[in-house]
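Asks: My questions will all concern the structure given below.
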Amino acid sequence: MPDIRAISFDLDDTLWPIRPLIERAETALHAYLARHCPRTAAAWPIPRMRELREQVAREHPQLAHDFTAQRLISLERALAGSGDDVAHAQPAFEALYLERNRVAFYADALPALDALGARFPLASLTNGNADLGRIGIAGRFTVRVAARERGVAKPERAIFAHTAAALGVELADMLHVGDDPWLDIDGAARAGMRTCWVNRDGSAWPTELPPPDLAVATLDALVAALADARLPAAAGPSGEPAEPANLPR
């Protein structure tokens, strides 16, 4: 058995693709506004509403961990500026959020969670605002950690440390699996965890970052790697990287 005791998983772009999901969610939001707040819909088409949310994010760096709050502020601002009732902000967000949680899993995602969950306690660890209860996979995770609830986001050490503590293991005994080299892999490595980069599109690893312990194109490859090989010692608190494992790339 690999020398790890628990595994944490990123969600967006690790278990499901996020871009088509957000596009559908924004379309649903605009449809709600067109039905109930036509002045807002006319003034704030999808691209302009997206720009407004990005502007709100810049104006409120203290909400970098809370995409829901950013969306609600954006909606309230758009509604008020268009002369519509800001009470529509919450139901408009719900229209968006309903679609945001209708995920289309990568084909390897659920089988991998089932295979690994039979051997290790699993945690979800996300900066996003997915609702795993609505999605239907909350029960696959022993612990569910979201930046919005913790008040801190990846790559901060605190959110990785909270996840390990909630599972009752040391950071060095955990493997973090994710798609983002900076938020997931570098953040987890600096916290002292072992890391697996899920590189579905064949991207080059950023040369300015230490390499992950393991890189896979699919979660099937992760399952196979954990069945057949041991991972190296984790990086230390200083953030010095471990040598990459001699595992499938």
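Identifiers for the structure tokens are assigned positionally: chains receive A, B, ... in sequence, residues are indexed from 1 per chain, and ligands are indexed from 1 in the order shown.
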DSSP on the backbone: which residues in range 150-244 of chain A end up as helix (DSSP H, G or I)? Give the answer as a tab-separated table (two decimals) with C-alpha atoms, in the first residue's frame.

Replies:
```
chain	number	residue	atom	x	y	z
A	150	ARG	CA	-13.34	28.35	5.89
A	157	ARG	CA	-1.48	26.54	3.96
A	158	ALA	CA	-4.33	26.97	6.45
A	159	ILE	CA	-6.95	25.31	4.25
A	160	PHE	CA	-4.74	22.29	3.59
A	161	ALA	CA	-3.90	22.05	7.29
A	162	HIS	CA	-7.60	22.21	8.20
A	163	THR	CA	-8.35	19.38	5.79
A	164	ALA	CA	-5.66	17.15	7.26
A	165	ALA	CA	-6.79	17.92	10.81
A	166	ALA	CA	-10.41	17.16	9.93
A	167	LEU	CA	-9.31	13.76	8.64
A	171	LEU	CA	-0.13	16.81	6.22
A	172	ALA	CA	2.82	14.60	5.28
A	173	ASP	CA	0.51	11.59	5.21
A	181	PRO	CA	-0.26	23.95	-10.74
A	182	TRP	CA	-0.25	27.00	-8.44
A	183	LEU	CA	-3.38	26.66	-6.31
A	184	ASP	CA	-3.43	22.89	-5.96
A	185	ILE	CA	0.04	21.49	-6.50
A	186	ASP	CA	2.40	24.22	-5.34
A	187	GLY	CA	0.07	25.16	-2.50
A	188	ALA	CA	-0.22	21.59	-1.23
A	189	ALA	CA	3.51	20.94	-1.62
A	190	ARG	CA	4.38	24.04	0.37
A	191	ALA	CA	1.99	22.87	3.07
A	219	LEU	CA	-7.73	9.54	-12.67
A	220	ASP	CA	-7.57	5.94	-13.89
A	221	ALA	CA	-3.79	6.43	-14.04
A	222	LEU	CA	-3.81	7.72	-10.47
A	223	VAL	CA	-5.67	4.63	-9.27
A	224	ALA	CA	-3.16	2.42	-11.07
A	225	ALA	CA	-0.19	4.35	-9.73
A	226	LEU	CA	-1.37	4.07	-6.14
A	227	ALA	CA	-1.96	0.36	-6.61
A	228	ASP	CA	1.54	-0.28	-7.97
```

Asks: Within 10 Å of His60 in chain A, counting only C-alpha atoms, which residues qualify if same-chain residues fewer than 5 places away don't, as a PyMOL selection string?

Replies: chain A and resi 54-55+69-70+73

Asks: Go ahead and dump the residues you just picked, N, CA and C atoms, as a PDB file, in the first residue's frame.

Replies:
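Below is the file part.pdb, written as the result:
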```
ATOM      1  N   GLU A  54     -16.212  40.204 -12.346  1.00  0.00           N
ATOM      2  CA  GLU A  54     -14.756  40.341 -12.222  1.00  0.00           C
ATOM      3  C   GLU A  54     -14.379  41.661 -11.557  1.00  0.00           C
ATOM      4  N   GLN A  55     -15.129  42.714 -11.876  1.00  0.00           N
ATOM      5  CA  GLN A  55     -14.880  44.004 -11.246  1.00  0.00           C
ATOM      6  C   GLN A  55     -15.162  43.932  -9.751  1.00  0.00           C
ATOM      7  N   ALA A  69     -20.768  35.158  -2.738  1.00  0.00           N
ATOM      8  CA  ALA A  69     -20.916  36.557  -2.323  1.00  0.00           C
ATOM      9  C   ALA A  69     -20.601  37.496  -3.484  1.00  0.00           C
ATOM     10  N   GLN A  70     -19.589  37.181  -4.268  1.00  0.00           N
ATOM     11  CA  GLN A  70     -19.257  38.010  -5.423  1.00  0.00           C
ATOM     12  C   GLN A  70     -20.427  38.075  -6.406  1.00  0.00           C
ATOM     13  N   ILE A  73     -23.380  40.251  -4.919  1.00  0.00           N
ATOM     14  CA  ILE A  73     -23.084  41.685  -4.994  1.00  0.00           C
ATOM     15  C   ILE A  73     -23.235  42.176  -6.428  1.00  0.00           C
TER      16      ILE A  73
END
```

Asks: I want to know what sits within 12 Å of Leu113 in chain A, based on only C-alpha atoms, with residues of the same chain fewer than 5 positions away left out; could you give that as a tab-separated table (two decimals) with C-alpha atoms, in the first residue's frame?

Replies:
```tsv
chain	number	residue	atom	x	y	z
A	7	ILE	CA	-6.37	11.82	-0.24
A	8	SER	CA	-7.88	15.24	-0.92
A	9	PHE	CA	-9.43	16.14	-4.28
A	10	ASP	CA	-9.96	19.43	-6.00
A	11	LEU	CA	-13.33	19.53	-7.79
A	14	THR	CA	-10.45	17.72	-11.73
A	15	LEU	CA	-13.72	15.79	-11.41
A	105	PHE	CA	-18.37	14.22	-14.62
A	106	TYR	CA	-15.28	13.17	-16.47
A	107	ALA	CA	-15.75	9.48	-17.28
A	108	ASP	CA	-12.97	8.45	-14.89
A	118	ALA	CA	-12.49	1.91	-0.64
A	119	ARG	CA	-8.88	2.23	0.51
A	120	PHE	CA	-8.45	5.77	1.83
A	121	PRO	CA	-10.55	8.43	3.54
A	122	LEU	CA	-11.23	11.12	0.94
A	123	ALA	CA	-11.70	14.87	1.30
A	124	SER	CA	-13.03	17.38	-1.18
A	137	ILE	CA	-21.48	12.85	-4.23
A	138	ALA	CA	-21.26	14.24	-0.70
A	139	GLY	CA	-21.30	10.72	0.68
A	140	ARG	CA	-18.16	9.79	-1.22
A	141	PHE	CA	-16.10	12.13	0.98
A	142	THR	CA	-15.30	11.72	4.65
A	177	VAL	CA	-5.02	15.75	-6.29
A	219	LEU	CA	-7.73	9.54	-12.67
A	220	ASP	CA	-7.57	5.94	-13.89
A	222	LEU	CA	-3.81	7.72	-10.47
A	223	VAL	CA	-5.67	4.63	-9.27
```

Asks: Quick one: distance from CA of Gln90 in chain A to CA of Asp13 in chain A in Å, one decimal?

Replies: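 Between these atoms lies a distance of 26.4 Å.
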
Asks: Using only C-alpha atoms, pick whichever of A:Val86, A:Thr218, A:Ala92, A:Gly133 has the shortest atom-to-atom distance to Ala31 in chain A.

Replies: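 Among A:Val86, A:Thr218, A:Ala92, A:Gly133, it is A:Ala92 that comes nearest to Ala31 in chain A.
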
Asks: As a ChimeraX atom specification, which residues of range 40-225 of chain A does DSSP assign to strand (DSSP E)?

Replies: /A:122-126,143-146,174-178,194-198,214-216

Asks: Please produce an output containing N, CA and C atoms for each residue in the selection, written as a JSON list (two decimals), in the first residue's frame.

Replies:
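Full text of again10.json as output:
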```
[["chain", "number", "residue", "atom", "x", "y", "z"],
["A", 122, "LEU", "N", -11.35, 10.08, 1.95],
["A", 122, "LEU", "CA", -11.23, 11.12, 0.94],
["A", 122, "LEU", "C", -11.80, 12.43, 1.45],
["A", 123, "ALA", "N", -11.19, 13.53, 1.02],
["A", 123, "ALA", "CA", -11.70, 14.87, 1.30],
["A", 123, "ALA", "C", -11.87, 15.61, 0.00],
["A", 124, "SER", "N", -12.92, 16.40, -0.09],
["A", 124, "SER", "CA", -13.03, 17.38, -1.18],
["A", 124, "SER", "C", -12.45, 18.69, -0.66],
["A", 125, "LEU", "N", -11.71, 19.39, -1.53],
["A", 125, "LEU", "CA", -11.03, 20.61, -1.11],
["A", 125, "LEU", "C", -11.09, 21.59, -2.27],
["A", 126, "THR", "N", -11.98, 22.58, -2.18],
["A", 126, "THR", "CA", -12.27, 23.42, -3.33],
["A", 126, "THR", "C", -12.30, 24.89, -2.99],
["A", 143, "VAL", "N", -14.67, 14.04, 4.49],
["A", 143, "VAL", "CA", -14.59, 15.45, 4.87],
["A", 143, "VAL", "C", -14.81, 16.30, 3.63],
["A", 144, "ARG", "N", -15.56, 17.39, 3.78],
["A", 144, "ARG", "CA", -15.80, 18.31, 2.65],
["A", 144, "ARG", "C", -15.37, 19.71, 3.10],
["A", 145, "VAL", "N", -14.39, 20.27, 2.41],
["A", 145, "VAL", "CA", -13.81, 21.55, 2.78],
["A", 145, "VAL", "C", -13.98, 22.52, 1.61],
["A", 146, "ALA", "N", -14.57, 23.68, 1.88],
["A", 146, "ALA", "CA", -14.76, 24.71, 0.87],
["A", 146, "ALA", "C", -14.20, 26.03, 1.37],
["A", 174, "MET", "N", -0.77, 12.90, 3.59],
["A", 174, "MET", "CA", -1.86, 13.12, 2.63],
["A", 174, "MET", "C", -1.33, 13.36, 1.23],
["A", 175, "LEU", "N", -2.14, 12.95, 0.26],
["A", 175, "LEU", "CA", -1.91, 13.25, -1.15],
["A", 175, "LEU", "C", -3.01, 14.20, -1.60],
["A", 176, "HIS", "N", -2.63, 15.32, -2.21],
["A", 176, "HIS", "CA", -3.63, 16.23, -2.79],
["A", 176, "HIS", "C", -3.62, 16.09, -4.30],
["A", 177, "VAL", "N", -4.83, 15.98, -4.86],
["A", 177, "VAL", "CA", -5.02, 15.75, -6.29],
["A", 177, "VAL", "C", -5.75, 16.95, -6.88],
["A", 178, "GLY", "N", -5.17, 17.57, -7.91],
["A", 178, "GLY", "CA", -5.82, 18.72, -8.51],
["A", 178, "GLY", "C", -5.23, 19.09, -9.85],
["A", 194, "ARG", "N", 1.97, 15.52, -0.21],
["A", 194, "ARG", "CA", 2.35, 14.99, -1.50],
["A", 194, "ARG", "C", 1.30, 15.38, -2.53],
["A", 195, "THR", "N", 1.70, 15.38, -3.78],
["A", 195, "THR", "CA", 0.84, 15.99, -4.80],
["A", 195, "THR", "C", 0.71, 15.15, -6.04],
["A", 196, "CYS", "N", -0.48, 15.24, -6.66],
["A", 196, "CYS", "CA", -0.73, 14.62, -7.96],
["A", 196, "CYS", "C", -1.38, 15.66, -8.85],
["A", 197, "TRP", "N", -0.71, 15.97, -9.95],
["A", 197, "TRP", "CA", -1.23, 16.92, -10.94],
["A", 197, "TRP", "C", -2.05, 16.17, -11.97],
["A", 198, "VAL", "N", -3.32, 16.52, -12.12],
["A", 198, "VAL", "CA", -4.18, 15.95, -13.15],
["A", 198, "VAL", "C", -4.10, 16.86, -14.37],
["A", 214, "LEU", "N", 3.61, 13.37, -8.67],
["A", 214, "LEU", "CA", 3.01, 12.49, -9.67],
["A", 214, "LEU", "C", 2.20, 13.33, -10.63],
["A", 215, "ALA", "N", 2.27, 13.02, -11.91],
["A", 215, "ALA", "CA", 1.43, 13.69, -12.91],
["A", 215, "ALA", "C", 0.72, 12.62, -13.71],
["A", 216, "VAL", "N", -0.59, 12.80, -13.90],
["A", 216, "VAL", "CA", -1.39, 11.82, -14.62],
["A", 216, "VAL", "C", -2.31, 12.55, -15.60]]
```

Asks: Quick one: distance from CA of Pro206 in chain A to CA of Asn129 in chain A in Å, one decimal?

Replies: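 Computed distance, CA of Pro206 in chain A to CA of Asn129 in chain A, equals 26.6 Å.
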
Asks: Could you tell me which of A:Ala89, A:Glu99, A:Leu72, A:Arg5 comes closest to Thr27 in chain A if we count only C-alpha atoms?

Replies: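 Checking each of A:Ala89, A:Glu99, A:Leu72, A:Arg5 against Thr27 in chain A, counting only C-alpha atoms, the winner is A:Glu99.
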
Asks: Do you know which residues are at most 8 Å from Ala217 in chain A counting only C-alpha atoms, after dropping those on the same chain fewer than 3 positions away, and could you put them as a list in words?

Replies: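 Final neighbour list, sorted by chain and number: Val198, Asn199, Arg200, Asp201, Gly202, Ala221 and Arg249 of chain A.
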
Asks: Give me a file of those residues, with N, CA and C atoms, as a compact mmCIF listing (two decimals), in the first residue's frame.

Replies:
```txt
# COMPACT_ATOMS: atom_id res chain seq x y z
N VAL A 198 -3.32 16.52 -12.12
CA VAL A 198 -4.18 15.95 -13.15
C VAL A 198 -4.10 16.86 -14.37
N ASN A 199 -3.40 16.40 -15.39
CA ASN A 199 -3.09 17.19 -16.58
C ASN A 199 -3.82 16.57 -17.77
N ARG A 200 -5.11 16.88 -17.87
CA ARG A 200 -5.94 16.22 -18.88
C ARG A 200 -5.67 16.71 -20.30
N ASP A 201 -5.15 17.91 -20.44
CA ASP A 201 -4.98 18.46 -21.79
C ASP A 201 -3.53 18.49 -22.26
N GLY A 202 -2.65 17.83 -21.53
CA GLY A 202 -1.27 17.74 -21.98
C GLY A 202 -0.49 19.02 -21.88
N ALA A 221 -5.24 6.58 -14.21
CA ALA A 221 -3.79 6.43 -14.04
C ALA A 221 -3.40 6.64 -12.58
N ARG A 249 3.68 8.88 -16.17
CA ARG A 249 3.40 10.29 -16.45
C ARG A 249 2.31 10.42 -17.50
```
